[in-house]
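Report on the structure given below.
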Amino acid sequence: MTAFHELDDYLALPRVTSLTMSPDGNRLVITQSTLDDKATSYTEALWEVDPEGNAPARRLTHGTTGESNPTFTASGDLLFTAARGTDDPPASLWRLPAAGGEAEQVGSRKGGFASVHAASGADRIVLVASVLGHSESDDERIRDARKDKVVTAVLHTGYPVRYWDHDLGPDQPHLLVPDTCGHGFTDLTPGIRGSLRDGSVDIAADGSFAAVTWVVPGPLASRRVTLVRVDLGTGLRTPLVDDETGDATHPSISRDGTKLAYLHESMGDAENPPQITVRVLDIASGTTTIEAPEWDRRPTSVTWLPDGSGLVLTADDHGRAPVFVQRLGSAQPDRLTADDAAYTDVCLAPHGSRAYALRASYEAPPHPVRIDLTGPDAGTVTPLRAPAALPELPGRLEELTTEAADGTPLRAWFALPHTASPSDPAPMLLWVHGGPLSSWNTWSWRWNPWLLVARGYAVLLPDPALSTGYGDDFVRRGWGRWGSEPYTDLMAVTDAAVARADIDEERTAVMGGSFGGYLANWIAGHTDRFRAVVTHAGLWALDQFTPTTDVAWYWQREMTPEMAVENSPHLFVADIVTPMLVIHGDKDYRVPIGEALRLWYELLNESGRPAEDDGTTVHRFLYFPSENHWVLKPQHSKIWYRTVEAFLSEHVLGRPLDLPDELG
């Protein structure tokens with residue numbers, strides 16, 4: 001038995017969520033989440049990991065509500081945010097001295113802090129915090145007034161009004177620095193127009209300035225992401241990158257402070273998907289160069305080599321997300337890691353011979369590793385000693401390849417139970433990823449195939465057209481054609497999978513979330529080959545989705561009225577005869593709840609398998625009033641998996657299972 005055979009054991013597995021390194025490269029700290037005593041939330045703690053991989057991990061913090069945002073100062077102190085106290089206090093700023101001893105609170109405010117950033121070579125820290133009014137001096141007064149009067153109203157003057165699962169405004173993210181007397185904070189961005197985006201901040205090593213992503217209004221109700229320079233002494237803001245052809249993100253300042261690397265995402269349109277390129281700005285001259293111009297990938301992170309001679313990148317690549325090294329001026333980067341893993345949180349040691357990162361794959365959740373950058377061992381990956389061992393899997397992972405009808409190579413990960421064989425073929429689930437510009441290439445705690453593998457299913461994880469990691473032409477095949485190549489690619493990979501002797505072609509189902517939910521809805525209206533369809537947070541009526549999602553301007557670049565008509569699943573509801581399980585959270589602002597409500601009503605009224613005259617139906621609707629796009633609370637995740645398992649067991653295996661008692 002493994003932890004995947006019992007949901008309680010699975011939910012209790014510790015989860016590593018971030019990694020940071022001290023400026024001298026001698027200390028590594030990870031954040032690890034564990035299930036609380038009530039099994040209703042996860043609590044984060046900070047652990048120190050030995051960079052050499054010799055000593056066991058050492059726990060640094062023990063707060064009951066958890067700690068986050070670990071950041072080292074130039075002197076080696078560890079800063080973090082934590083909400084400690086009674087009556088649900090906001091997150092305050094804490095410091096754990098490099099010399100040892102107990103953590104001490106060094107800053108607090110009624111609005112709390114979202115993130116903390118520190119210069120690597122100077123005594124300078126910057127915090128991102130939500131501010132009401134024009135400046136920090138207004139914040140406390142307005143915050144108290146809203147709380148005392150129980151006011152939640154927001155008067156918007158622009159778009160957007162919400163993001164993912166939270167309402168925007170009336171507060172705005174500002175940059176704060178501790179004031180000179182040490183008793184409060186100075187607002188570096190008072191009275192701002194536009195706003196910080198996701199706390200994307202990088203500080204020059206000498207602490208003189210920060211490069212910050214800055215969202216500004218575009219034509220009509222669109223938004224554009226620029227980069228600005230904020231002087232950390234005066235607060236003076238000057239443009240660094242303001243490009244009307246695309247968004248500038250992931251700022252990374254070279255150690256000498258003369259250059260800025262960033263990622264540029266072009267504006268897509270109805271015919272052309274957005275492209276992501278690596279760019280380097282010479283700050284003094286304002287000259288920008290495009291790095292790796294012949295590289296046909298979409299980079300996801302960028303970090304400077306310590307000597308400034310090049311960049312370390314990550315990008316999706318054929319179901320993996322390796323680490324690459326780009327020497328400035330080279331046409332393409334060199335791939336550094338050669339395994340089947342995906343890498344995140346890459347940190348470079350100051351001597352330039354090592355990198356540290358979190359590595360994950362479908363065979364292992366995120367865990368800290370060391371990567372050799374130079375010498376004969378370049379590319380060698382060494383696991384470090386994390387607080388918890390990696391879990392044993394209940395099956396095996398294989399790679400499946402085939403071709404699309406137009407000859408395009410297709411591939412998928414295939415997770416199978418150990419028992420799957422020609423004498424005991426396994427039932428199969430086709431899992432469709434979201435995005436749509438995404439890939440099945442790394443561990444997912446939320447959509448974990450091994451839980452279903454432990455129950456005897458084979459889980460197919462394909463990357464159809466629109467998936468990242470296969471080049472721009474592969475994305476272009478599905479751009480504006482959601483119901484065409486993405487759908488036919490999925491069917492081609494499914495055909496290859498069920499042709500195997502260890503798979504039972506007669507017992508299959510399909511499930512997907514977000515864009516994967518869209519494709520599950522599309523599949524339901526275009527084939528009856530599957531015994532069950534599970535659609536989570538799926539797009540249903542494209543003419544309804546586009547103006548109601550939280551970032552409508554992004555989707556409207558691709559989704560013309562003609563494209564919406566040609567690719568909307570709701571127009572094929574009459575052809576749906578397969579039992580469907582619809583799942584949605586009410587706090588989902590990316591795919592609003594109206595998609596599920598309309599799907600549910602039309603499924604029961606207009607589908608090829610409507611509700612009976614007495615109101616009974618084979619379809620089901622699992623609704624989470626307090627959840628968002630993903631359904632994250634552990635108690636709800638447990639209900640999610642048990643309900644999915646029961647639905648699949650009834651329709652795929654022909655064995656009804658009891659539903660969770662909590663559902664009544």
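Simple scheme: letters A, B, ... for chains in structure tokens order, numbers from 1 for residues in each chain, numbers from 1 for ligands in the order shown.
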Identify, with DSSP run on backbone atoms, the residues in range 54-160 of chain A assigned to strand (DSSP E), and express the list as a PyMOL selection string.
chain A and resi 58-59+67-72+78-82+92-96+104-107+115-118+125-131
Save the residues we just selected, C-alpha atoms, as a PDB file, in the first residue's frame?
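The new file part-v7.pdb reads:
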```
ATOM      1  CA  ARG A  58      16.544  21.555   9.971  1.00  0.00           C
ATOM      2  CA  ARG A  59      13.245  23.226  10.844  1.00  0.00           C
ATOM      3  CA  GLU A  67       5.343  31.344   7.595  1.00  0.00           C
ATOM      4  CA  SER A  68       5.921  32.406   4.002  1.00  0.00           C
ATOM      5  CA  ASN A  69       7.964  34.697   1.734  1.00  0.00           C
ATOM      6  CA  PRO A  70      11.432  33.664   3.019  1.00  0.00           C
ATOM      7  CA  THR A  71      14.076  36.166   1.883  1.00  0.00           C
ATOM      8  CA  PHE A  72      17.723  36.540   2.932  1.00  0.00           C
ATOM      9  CA  LEU A  78      16.231  35.513   7.152  1.00  0.00           C
ATOM     10  CA  LEU A  79      13.134  37.646   6.667  1.00  0.00           C
ATOM     11  CA  PHE A  80       9.678  36.146   6.358  1.00  0.00           C
ATOM     12  CA  THR A  81       6.021  37.037   6.787  1.00  0.00           C
ATOM     13  CA  ALA A  82       3.740  35.423   9.335  1.00  0.00           C
ATOM     14  CA  SER A  92       3.624  40.972   9.665  1.00  0.00           C
ATOM     15  CA  LEU A  93       7.366  41.044   8.937  1.00  0.00           C
ATOM     16  CA  TRP A  94       9.713  38.854  10.975  1.00  0.00           C
ATOM     17  CA  ARG A  95      13.476  38.362  11.094  1.00  0.00           C
ATOM     18  CA  LEU A  96      15.495  35.313  12.085  1.00  0.00           C
ATOM     19  CA  GLU A 104      11.578  38.718  16.156  1.00  0.00           C
ATOM     20  CA  GLN A 105       8.822  40.841  14.660  1.00  0.00           C
ATOM     21  CA  VAL A 106      10.323  43.844  12.869  1.00  0.00           C
ATOM     22  CA  GLY A 107       7.309  45.398  11.173  1.00  0.00           C
ATOM     23  CA  SER A 115       5.809  39.903  -0.202  1.00  0.00           C
ATOM     24  CA  VAL A 116       9.284  40.955   0.906  1.00  0.00           C
ATOM     25  CA  HIS A 117      12.397  41.515  -1.231  1.00  0.00           C
ATOM     26  CA  ALA A 118      16.008  42.229  -0.245  1.00  0.00           C
ATOM     27  CA  ILE A 125      14.555  45.711   1.800  1.00  0.00           C
ATOM     28  CA  VAL A 126      11.344  46.447  -0.086  1.00  0.00           C
ATOM     29  CA  LEU A 127       7.873  45.197   0.717  1.00  0.00           C
ATOM     30  CA  VAL A 128       4.788  44.894  -1.444  1.00  0.00           C
ATOM     31  CA  ALA A 129       1.625  45.752   0.469  1.00  0.00           C
ATOM     32  CA  SER A 130      -1.964  46.693  -0.332  1.00  0.00           C
ATOM     33  CA  VAL A 131      -2.693  50.354   0.439  1.00  0.00           C
TER      34      VAL A 131
END
```
Please provide as a list in words all residues within 9 Å of Ser467 in chain A, with the sequence filter that same-chain residues fewer than 4 positions apart are discarded (counting only C-alpha atoms).
His433, Gly435, Pro436, Leu437, Ser438, Ser439, Trp440, Asp463, Gly471, Phe474, Val475, Gly478 and Pro486 of chain A
Which residues of range 48-102 of chain A have any atom within 12 Å of an atom in range 380-385 of chain A when counting only C-alpha atoms, and what is the closest pair of atoms for each, with the distance in Å to one decimal? Order the rows by chain and rising number and write it as CSV.
```
residue,atom,partner,partner_atom,distance
A:Glu48,CA,A:Arg385,CA,9.8
A:Val49,CA,A:Arg385,CA,6.6
A:Asp50,CA,A:Leu384,CA,7.1
A:Pro51,CA,A:Leu384,CA,7.0
A:Glu52,CA,A:Leu384,CA,7.3
A:Gly53,CA,A:Leu384,CA,4.6
A:Asn54,CA,A:Arg385,CA,7.3
A:Ala55,CA,A:Arg385,CA,7.2
A:Pro56,CA,A:Arg385,CA,5.7
A:Ala57,CA,A:Arg385,CA,6.1
A:Arg58,CA,A:Arg385,CA,9.9
```
Any chance you can output those residues with N, CA and C atoms as a PDB file, in the first residue's frame?
```pdb
ATOM      1  N   GLU A  48      15.734  24.652   6.740  1.00  0.00           N
ATOM      2  CA  GLU A  48      17.041  24.855   6.123  1.00  0.00           C
ATOM      3  C   GLU A  48      17.556  23.533   5.584  1.00  0.00           C
ATOM      4  N   VAL A  49      18.065  23.585   4.348  1.00  0.00           N
ATOM      5  CA  VAL A  49      18.571  22.402   3.657  1.00  0.00           C
ATOM      6  C   VAL A  49      20.069  22.575   3.418  1.00  0.00           C
ATOM      7  N   ASP A  50      20.842  21.544   3.674  1.00  0.00           N
ATOM      8  CA  ASP A  50      22.284  21.587   3.482  1.00  0.00           C
ATOM      9  C   ASP A  50      22.620  21.615   1.985  1.00  0.00           C
ATOM     10  N   PRO A  51      23.288  22.672   1.486  1.00  0.00           N
ATOM     11  CA  PRO A  51      23.628  22.739   0.058  1.00  0.00           C
ATOM     12  C   PRO A  51      24.543  21.608  -0.401  1.00  0.00           C
ATOM     13  N   GLU A  52      25.285  21.008   0.546  1.00  0.00           N
ATOM     14  CA  GLU A  52      26.169  19.899   0.183  1.00  0.00           C
ATOM     15  C   GLU A  52      25.451  18.565   0.190  1.00  0.00           C
ATOM     16  N   GLY A  53      24.280  18.532   0.769  1.00  0.00           N
ATOM     17  CA  GLY A  53      23.506  17.299   0.795  1.00  0.00           C
ATOM     18  C   GLY A  53      23.917  16.332   1.885  1.00  0.00           C
ATOM     19  N   ASN A  54      24.677  16.794   2.884  1.00  0.00           N
ATOM     20  CA  ASN A  54      25.162  15.902   3.933  1.00  0.00           C
ATOM     21  C   ASN A  54      24.264  15.909   5.171  1.00  0.00           C
ATOM     22  N   ALA A  55      24.023  17.093   5.719  1.00  0.00           N
ATOM     23  CA  ALA A  55      23.253  17.190   6.962  1.00  0.00           C
ATOM     24  C   ALA A  55      21.760  17.087   6.674  1.00  0.00           C
ATOM     25  N   PRO A  56      20.992  16.555   7.614  1.00  0.00           N
ATOM     26  CA  PRO A  56      19.534  16.515   7.421  1.00  0.00           C
ATOM     27  C   PRO A  56      18.935  17.913   7.459  1.00  0.00           C
ATOM     28  N   ALA A  57      17.765  18.067   6.890  1.00  0.00           N
ATOM     29  CA  ALA A  57      17.068  19.346   6.914  1.00  0.00           C
ATOM     30  C   ALA A  57      16.737  19.729   8.348  1.00  0.00           C
ATOM     31  N   ARG A  58      16.772  21.051   8.611  1.00  0.00           N
ATOM     32  CA  ARG A  58      16.544  21.555   9.971  1.00  0.00           C
ATOM     33  C   ARG A  58      15.390  22.552   9.952  1.00  0.00           C
TER      34      ARG A  58
END
```
Just the residues within 12 Å of Leu657 in chain A, please, counting only C-alpha atoms, with nothing from its chain fewer than 2 positions along; format it as number ranges by chain.
A: 642-655, 659-661
Just to confirm, what's the straight-line distance from CA of Asp504 in chain A to CA of Ser423 in chain A in Å (one decimal)?
10.5 Å
Find the residues near Ser254 in chain A: any atom within 12 Å, counting only C-alpha atoms, skip ones fewer than 3 places away on the same chain, and give them as a PDB file with C-alpha atoms, in the first residue's frame.
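So the final result, stored in part_15.pdb, reads:
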```pdb
ATOM      1  CA  SER A 120      21.935  40.849  -2.124  1.00  0.00           C
ATOM      2  CA  ASP A 202      13.872  42.553  -8.524  1.00  0.00           C
ATOM      3  CA  ILE A 203      16.321  44.702  -6.563  1.00  0.00           C
ATOM      4  CA  ALA A 204      19.766  45.745  -7.771  1.00  0.00           C
ATOM      5  CA  ALA A 205      22.532  44.153  -5.706  1.00  0.00           C
ATOM      6  CA  ASP A 206      23.643  47.533  -4.350  1.00  0.00           C
ATOM      7  CA  ALA A 210      14.228  48.055  -8.182  1.00  0.00           C
ATOM      8  CA  ALA A 211      12.809  46.832 -11.489  1.00  0.00           C
ATOM      9  CA  PRO A 251      12.561  41.314 -14.504  1.00  0.00           C
ATOM     10  CA  GLY A 257      23.233  46.693 -12.156  1.00  0.00           C
ATOM     11  CA  THR A 258      23.874  47.648 -15.776  1.00  0.00           C
ATOM     12  CA  LYS A 259      21.543  45.251 -17.587  1.00  0.00           C
ATOM     13  CA  LEU A 260      17.999  43.996 -17.211  1.00  0.00           C
ATOM     14  CA  ALA A 261      16.866  40.631 -18.561  1.00  0.00           C
ATOM     15  CA  TYR A 262      13.154  40.001 -18.972  1.00  0.00           C
ATOM     16  CA  VAL A 280      18.203  42.105 -22.422  1.00  0.00           C
ATOM     17  CA  LEU A 281      18.079  45.864 -21.860  1.00  0.00           C
ATOM     18  CA  ASP A 282      21.255  47.926 -21.490  1.00  0.00           C
ATOM     19  CA  ILE A 283      19.911  50.303 -18.861  1.00  0.00           C
ATOM     20  CA  VAL A 302      15.222  33.982 -16.461  1.00  0.00           C
ATOM     21  CA  THR A 303      18.165  34.413 -14.060  1.00  0.00           C
ATOM     22  CA  TRP A 304      21.583  35.984 -14.602  1.00  0.00           C
ATOM     23  CA  LEU A 305      24.798  34.024 -14.325  1.00  0.00           C
ATOM     24  CA  PRO A 306      26.821  35.694 -11.545  1.00  0.00           C
ATOM     25  CA  ASP A 307      29.504  37.005 -13.939  1.00  0.00           C
ATOM     26  CA  GLY A 308      26.915  38.498 -16.312  1.00  0.00           C
ATOM     27  CA  SER A 309      28.092  36.425 -19.268  1.00  0.00           C
ATOM     28  CA  GLY A 310      24.765  34.735 -19.798  1.00  0.00           C
ATOM     29  CA  LEU A 311      21.389  33.674 -18.486  1.00  0.00           C
ATOM     30  CA  VAL A 312      19.881  30.580 -16.945  1.00  0.00           C
TER      31      VAL A 312
END
```
Please provide as a PyMOL selection string all residues within 6 Å of range 316-325 of chain A, with the sequence filter that same-chain residues fewer than 5 positions apart are discarded (counting only C-alpha atoms).
chain A and resi 311+333-337+340-343+441+469-470
With C-alpha atoms retained, write the just-selected residues as a PDB file, in the first residue's frame.
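Done, and the output landed in out02.pdb:
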```pdb
ATOM      1  CA  LEU A 311      21.389  33.674 -18.486  1.00  0.00           C
ATOM      2  CA  PRO A 333      20.657  28.169 -25.362  1.00  0.00           C
ATOM      3  CA  ASP A 334      22.329  24.933 -24.360  1.00  0.00           C
ATOM      4  CA  ARG A 335      20.204  22.439 -22.487  1.00  0.00           C
ATOM      5  CA  LEU A 336      21.793  21.777 -19.095  1.00  0.00           C
ATOM      6  CA  THR A 337      19.598  19.127 -17.460  1.00  0.00           C
ATOM      7  CA  ASP A 340      12.575  13.907 -17.517  1.00  0.00           C
ATOM      8  CA  ALA A 341      11.943  16.566 -14.877  1.00  0.00           C
ATOM      9  CA  ALA A 342      10.616  20.110 -14.616  1.00  0.00           C
ATOM     10  CA  TYR A 343      12.664  22.713 -12.726  1.00  0.00           C
ATOM     11  CA  ASN A 441       5.182  17.971 -17.561  1.00  0.00           C
ATOM     12  CA  GLY A 469       7.185  22.647 -25.430  1.00  0.00           C
ATOM     13  CA  TYR A 470       6.859  21.620 -29.079  1.00  0.00           C
TER      14      TYR A 470
END
```
Between CA of Ser75 in chain A and CA of Val177 in chain A, what distance in Å does the model show, to one decimal?
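Those two atoms sit 17.4 Å apart.
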Report as JSON lines the residues of range 382-433 of chain A within 12 Å of range 360-375 of chain A, each with its shortest atom pair and distance in Å (one decimal), using only C-alpha atoms, ordered by chain and increasing residue number.
```
{"residue": "A:Thr382", "atom": "CA", "partner": "A:Arg370", "partner_atom": "CA", "distance": 5.1}
{"residue": "A:Pro383", "atom": "CA", "partner": "A:Val369", "partner_atom": "CA", "distance": 4.3}
{"residue": "A:Leu384", "atom": "CA", "partner": "A:Val369", "partner_atom": "CA", "distance": 5.2}
{"residue": "A:Arg385", "atom": "CA", "partner": "A:Pro368", "partner_atom": "CA", "distance": 7.6}
{"residue": "A:Ala386", "atom": "CA", "partner": "A:Pro368", "partner_atom": "CA", "distance": 6.7}
{"residue": "A:Pro387", "atom": "CA", "partner": "A:His367", "partner_atom": "CA", "distance": 9.5}
{"residue": "A:Ala388", "atom": "CA", "partner": "A:His367", "partner_atom": "CA", "distance": 9.2}
{"residue": "A:Ala389", "atom": "CA", "partner": "A:His367", "partner_atom": "CA", "distance": 9.2}
{"residue": "A:Leu390", "atom": "CA", "partner": "A:Ala364", "partner_atom": "CA", "distance": 6.5}
{"residue": "A:Pro391", "atom": "CA", "partner": "A:Ala364", "partner_atom": "CA", "distance": 7.4}
{"residue": "A:Glu392", "atom": "CA", "partner": "A:Ala364", "partner_atom": "CA", "distance": 8.7}
{"residue": "A:Leu393", "atom": "CA", "partner": "A:Glu363", "partner_atom": "CA", "distance": 7.4}
{"residue": "A:Pro394", "atom": "CA", "partner": "A:Glu363", "partner_atom": "CA", "distance": 10.4}
{"residue": "A:Gly395", "atom": "CA", "partner": "A:Glu363", "partner_atom": "CA", "distance": 9.7}
{"residue": "A:Arg396", "atom": "CA", "partner": "A:Glu363", "partner_atom": "CA", "distance": 8.4}
{"residue": "A:Leu397", "atom": "CA", "partner": "A:Glu363", "partner_atom": "CA", "distance": 7.2}
{"residue": "A:Glu398", "atom": "CA", "partner": "A:Tyr362", "partner_atom": "CA", "distance": 10.1}
{"residue": "A:Glu399", "atom": "CA", "partner": "A:Tyr362", "partner_atom": "CA", "distance": 11.1}
{"residue": "A:Ala412", "atom": "CA", "partner": "A:Tyr362", "partner_atom": "CA", "distance": 11.6}
{"residue": "A:Trp413", "atom": "CA", "partner": "A:Tyr362", "partner_atom": "CA", "distance": 8.3}
{"residue": "A:Phe414", "atom": "CA", "partner": "A:Tyr362", "partner_atom": "CA", "distance": 9.6}
{"residue": "A:Ala415", "atom": "CA", "partner": "A:Tyr362", "partner_atom": "CA", "distance": 8.5}
{"residue": "A:Leu416", "atom": "CA", "partner": "A:Tyr362", "partner_atom": "CA", "distance": 11.9}
```
Could you work out how far CA of Thr408 in chain A lies from CA of Glu485 in chain A, giving the answer in Å with one decimal?
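That distance, rounded to one decimal, is 10.4 Å.
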